[in-house]
Amino acid sequence: MTGGAPASARWRVAAVLTLLAWCAGVLAVRRTAAITDDWQGWRQADTQAIARNLAFEELDPLRPRIDWRGDGPGYVETELQLYPTLIALALRLTGDTVWPGQLISLACTMLAAALVFAALARRFGGPAAYLALVAILGHQGTIAIATSIQPDALALLAFTVGFLAFVRYLAVRAAGPVAGEAPRRGRSARAALVIWIAATAIAGLVKPTTLELGVAQFVLVLRDRRALRDRRALRDVRIWIGWGVVLVVVGAYLGFARSLYVTYGNTFGVLSGGDSKLPAAAMLASAETWLGLARYGVLWGVGVPAIPAALYLVWRRRLGPEPIALAAGALAICLVALRYMSGPFGTHYHLPHIVLGGWLVAAAAAELGAREARSRLGRIVPRALAAGLVVAALALGARGVRFLRALPPEPETALGARLAGLAAPGTLVAVRARAAAYDPEWRTVNNFEDPRVFYLSRTHGWALPNDLAGAARLAEVTARGARFYVHVHQKPIDGELAAWLAIHAVLIDRSPAGEIYRLGPAGDAPPTK
């Protein structure tokens with residue numbers, strides 16, 4: 001496992017075949033048509049609903065529409081909906097299906113893994129890079145996002161391109177002049193510059209939390225002595241212009257997105273309204289918070305094999321500037337988004353950290369191989385450890401697939417299907433979500449708007465929080481046109497609401513998932529199929 005050599009044809013072929021086999025396996029055993037029962041099914045339903053509305057209502061990526069829009073147009077403050085727009089373009093050709101989004105996610109995940117392999121192969125050699133690829137593909141977060149209809153796979157691809165292009169830019173810049181190669185190196189540096197700026201901006205637009213990439217880039221400039229050369233890199237005005245362009249572009253879009261919230265009142269909590277991802281003082285003092293962050297950071301972030309790899313590199317003093325920079329970015333976002341990243345609702349925030357995990361594995365494999373090649377044990381130890389890593393990756397991947405396939409059916413899925421048989425598309429409804437409007441533990445407003453019933457039934461309307469007592473809000477939305485009330489089982493209907501329903505509604509469906517009521521005065525039948 002010698003470093004510095006480019007990937008041989010044999011290892012490139014092995015990587016391609018492994019990626020193709022992995023994609024086929026993911027489609028066979030990971031993909032599900034019931035996205036509302038899948039991991040983070042509420043996010044998938046929102047994303048697919050936005051894509052469907054872009055495809056069949058109004059193809060305007062700057063004005064995405066949600067289904068829990070009340071009686072308004074549904075324009076919402078959110079990240080740039082580039083990923084749903086790609087899905088929408090496909091839906092116009094294929095009709096309403098989940099396949100386009102799942103295939104786009106799979107393609108983005110596969111490309112990100114392939115780019116990491118190629119970069120690590122150039123740095124550490126084909127065998128070490130291949131082990132890193134295996135570790136990435138056996139990662140629970142990679143498997144989960146591979147066919148999940150969420151923008152995080154696209155953000156991962158942009159993050160990967162942005163980091164690798166930045167590394168390339170620093171390397172070309174620091175290489176120094178060589179007779180006859182100045183024009184070629186100049187073109188290479190300019191290309192890397194444009195690519196890392198564009199990719200970093202796209203990553204931030206698609207998922208603002210991936211701007212941890214900027215932290216990683218800055219730390220890389222500070223740590224890479226070869227690129228720094230008496231701090232010349234920090235005086236490179238092009239780097240500062242690039243960071244400025246990224247911040248201006250992402251900031252300008254988020255400012256525009258906020259105007260949608262101000263006008264229409266809908267938000268995912270990017271800048272306005274919604275919840276806070278920042279840590280609460282009380283939770284910072286809780287050991288459970290930090291244990292949760294460590295657990296999710298490993299299982300959904302860097303991956304289990306990265307931990308012994310990192311410890312080995314630290315022991316050998318061979319950690320290198322790239323993993324240090326990536327770790328600094330990861331630490332920054334973990335602190336900023338601690339509320340989510342220390343629990344199950346923020347597993348997607350850890351996804352970019354698979355690049356760090358892969359880098360650690362490749363660096364450790366290369367270092368171990370070079371060291372043992374000089375010892376009497378020769379290749380025995382590296383080969384044994386490589387075999388152990390492959391077995392561990394397969395076991396971890398199988399564990400991840402079992403976990404995802406064992407997810408229970410959600411009551412929102414059952415109620416959405418039942419409501420679809422009762423209400424015509426576009427009917428206004430009210431849905432009592434299982435989430436509360438306020439999180440007392442983290443002391444913040446909570447995003448309670450679950451879209452799944454709306455998405456499955458093709459209806460629009462109002463989401464009501466689980467901790468909202470009484471009948472005033474339901475009476476208000478009924479007066480504004482709501483024709484059905486869906487009560488998802490978690491908390492029983494309180495006395496005031498039960499009394500109001502007894503007078504103003506008729507129970508038309510009851511199941512273990514919840515109840516569906518028809519709203520409106522007697523004889524005023526709502527639209528039905």
# chains A, B, ... in the order shown; residues from 1 in each chain; ligands from 1
>>> residues_around(residues="region 27-38 of chain A", least_positions_apart="4", cutoff="7 Å", atoms="only C-alpha atoms", output="list in words")
Cys23, Trp42, Gln44, Ala45, Val98, Thr147, Val401, Leu407, Pro409, Glu410, Thr413 and Arg452 of chain A
>>> write_last_selection(atoms="N, CA and C atoms", output="PDB file, in the first residue's frame")
ATOM      1  N   CYS A  23     -24.424  -0.221  -6.383  1.00  0.00           N
ATOM      2  CA  CYS A  23     -25.645   0.441  -6.861  1.00  0.00           C
ATOM      3  C   CYS A  23     -26.761  -0.568  -7.115  1.00  0.00           C
ATOM      4  N   TRP A  42     -40.693  12.111   6.459  1.00  0.00           N
ATOM      5  CA  TRP A  42     -41.328  13.424   6.374  1.00  0.00           C
ATOM      6  C   TRP A  42     -40.521  14.362   5.478  1.00  0.00           C
ATOM      7  N   GLN A  44     -38.543  13.356   3.024  1.00  0.00           N
ATOM      8  CA  GLN A  44     -38.695  12.857   1.669  1.00  0.00           C
ATOM      9  C   GLN A  44     -40.041  13.277   1.075  1.00  0.00           C
ATOM     10  N   ALA A  45     -41.090  13.232   1.882  1.00  0.00           N
ATOM     11  CA  ALA A  45     -42.412  13.635   1.394  1.00  0.00           C
ATOM     12  C   ALA A  45     -42.429  15.112   1.033  1.00  0.00           C
ATOM     13  N   VAL A  98     -41.615   8.051  -7.761  1.00  0.00           N
ATOM     14  CA  VAL A  98     -40.489   8.335  -6.877  1.00  0.00           C
ATOM     15  C   VAL A  98     -39.153   7.931  -7.499  1.00  0.00           C
ATOM     16  N   THR A 147     -30.812   6.132  -1.927  1.00  0.00           N
ATOM     17  CA  THR A 147     -32.079   6.176  -2.660  1.00  0.00           C
ATOM     18  C   THR A 147     -33.125   6.989  -1.904  1.00  0.00           C
ATOM     19  N   VAL A 401     -28.597  -1.848   6.290  1.00  0.00           N
ATOM     20  CA  VAL A 401     -29.742  -2.260   5.470  1.00  0.00           C
ATOM     21  C   VAL A 401     -30.833  -2.862   6.347  1.00  0.00           C
ATOM     22  N   LEU A 407     -37.742  -0.517   9.630  1.00  0.00           N
ATOM     23  CA  LEU A 407     -38.505   0.642  10.105  1.00  0.00           C
ATOM     24  C   LEU A 407     -39.993   0.328  10.058  1.00  0.00           C
ATOM     25  N   PRO A 409     -44.173   0.704   9.830  1.00  0.00           N
ATOM     26  CA  PRO A 409     -45.104   1.561   9.073  1.00  0.00           C
ATOM     27  C   PRO A 409     -45.535   2.751   9.915  1.00  0.00           C
ATOM     28  N   GLU A 410     -45.681   3.894   9.261  1.00  0.00           N
ATOM     29  CA  GLU A 410     -46.043   5.115   9.965  1.00  0.00           C
ATOM     30  C   GLU A 410     -47.554   5.361   9.861  1.00  0.00           C
ATOM     31  N   THR A 413     -48.793   7.360   6.851  1.00  0.00           N
ATOM     32  CA  THR A 413     -48.924   6.647   5.575  1.00  0.00           C
ATOM     33  C   THR A 413     -50.319   6.041   5.447  1.00  0.00           C
ATOM     34  N   ARG A 452     -46.746  14.351   5.310  1.00  0.00           N
ATOM     35  CA  ARG A 452     -47.005  13.060   4.692  1.00  0.00           C
ATOM     36  C   ARG A 452     -48.466  12.819   4.329  1.00  0.00           C
TER      37      ARG A 452
END
>>> select_by_dssp(residues="region 267-365 of chain A", states="helix (DSSP H, G or I)", output="ChimeraX atom specification")
/A:281-284,287-302,306-316,321-336,338-341,344-365
>>> closest_residue(among="A:Ala436, A:Met283, A:Ala113, A:Ile145", to="Leu468 (chain A)", atoms="only C-alpha atoms")
A:Ala436
>>> atom_distance(atom1="CA of Leu313 (chain A)", atom2="CA of Ala9 (chain A)")
27.9 Å
>>> residues_around(residues="Trp68 (chain A)", least_positions_apart="5", cutoff="8 Å", atoms="only C-alpha atoms", output="list in words")
Gly74, Glu449, Pro451, Phe454, His460, Gly461, Trp462 and Ala463 of chain A
>>> residues_around(residues="Val134 (chain A)", least_positions_apart="6", cutoff="10 Å", atoms="only C-alpha atoms", output="PyMOL selection string")
chain A and resi 15+18-19+22+113+117+358+361+389-394+397
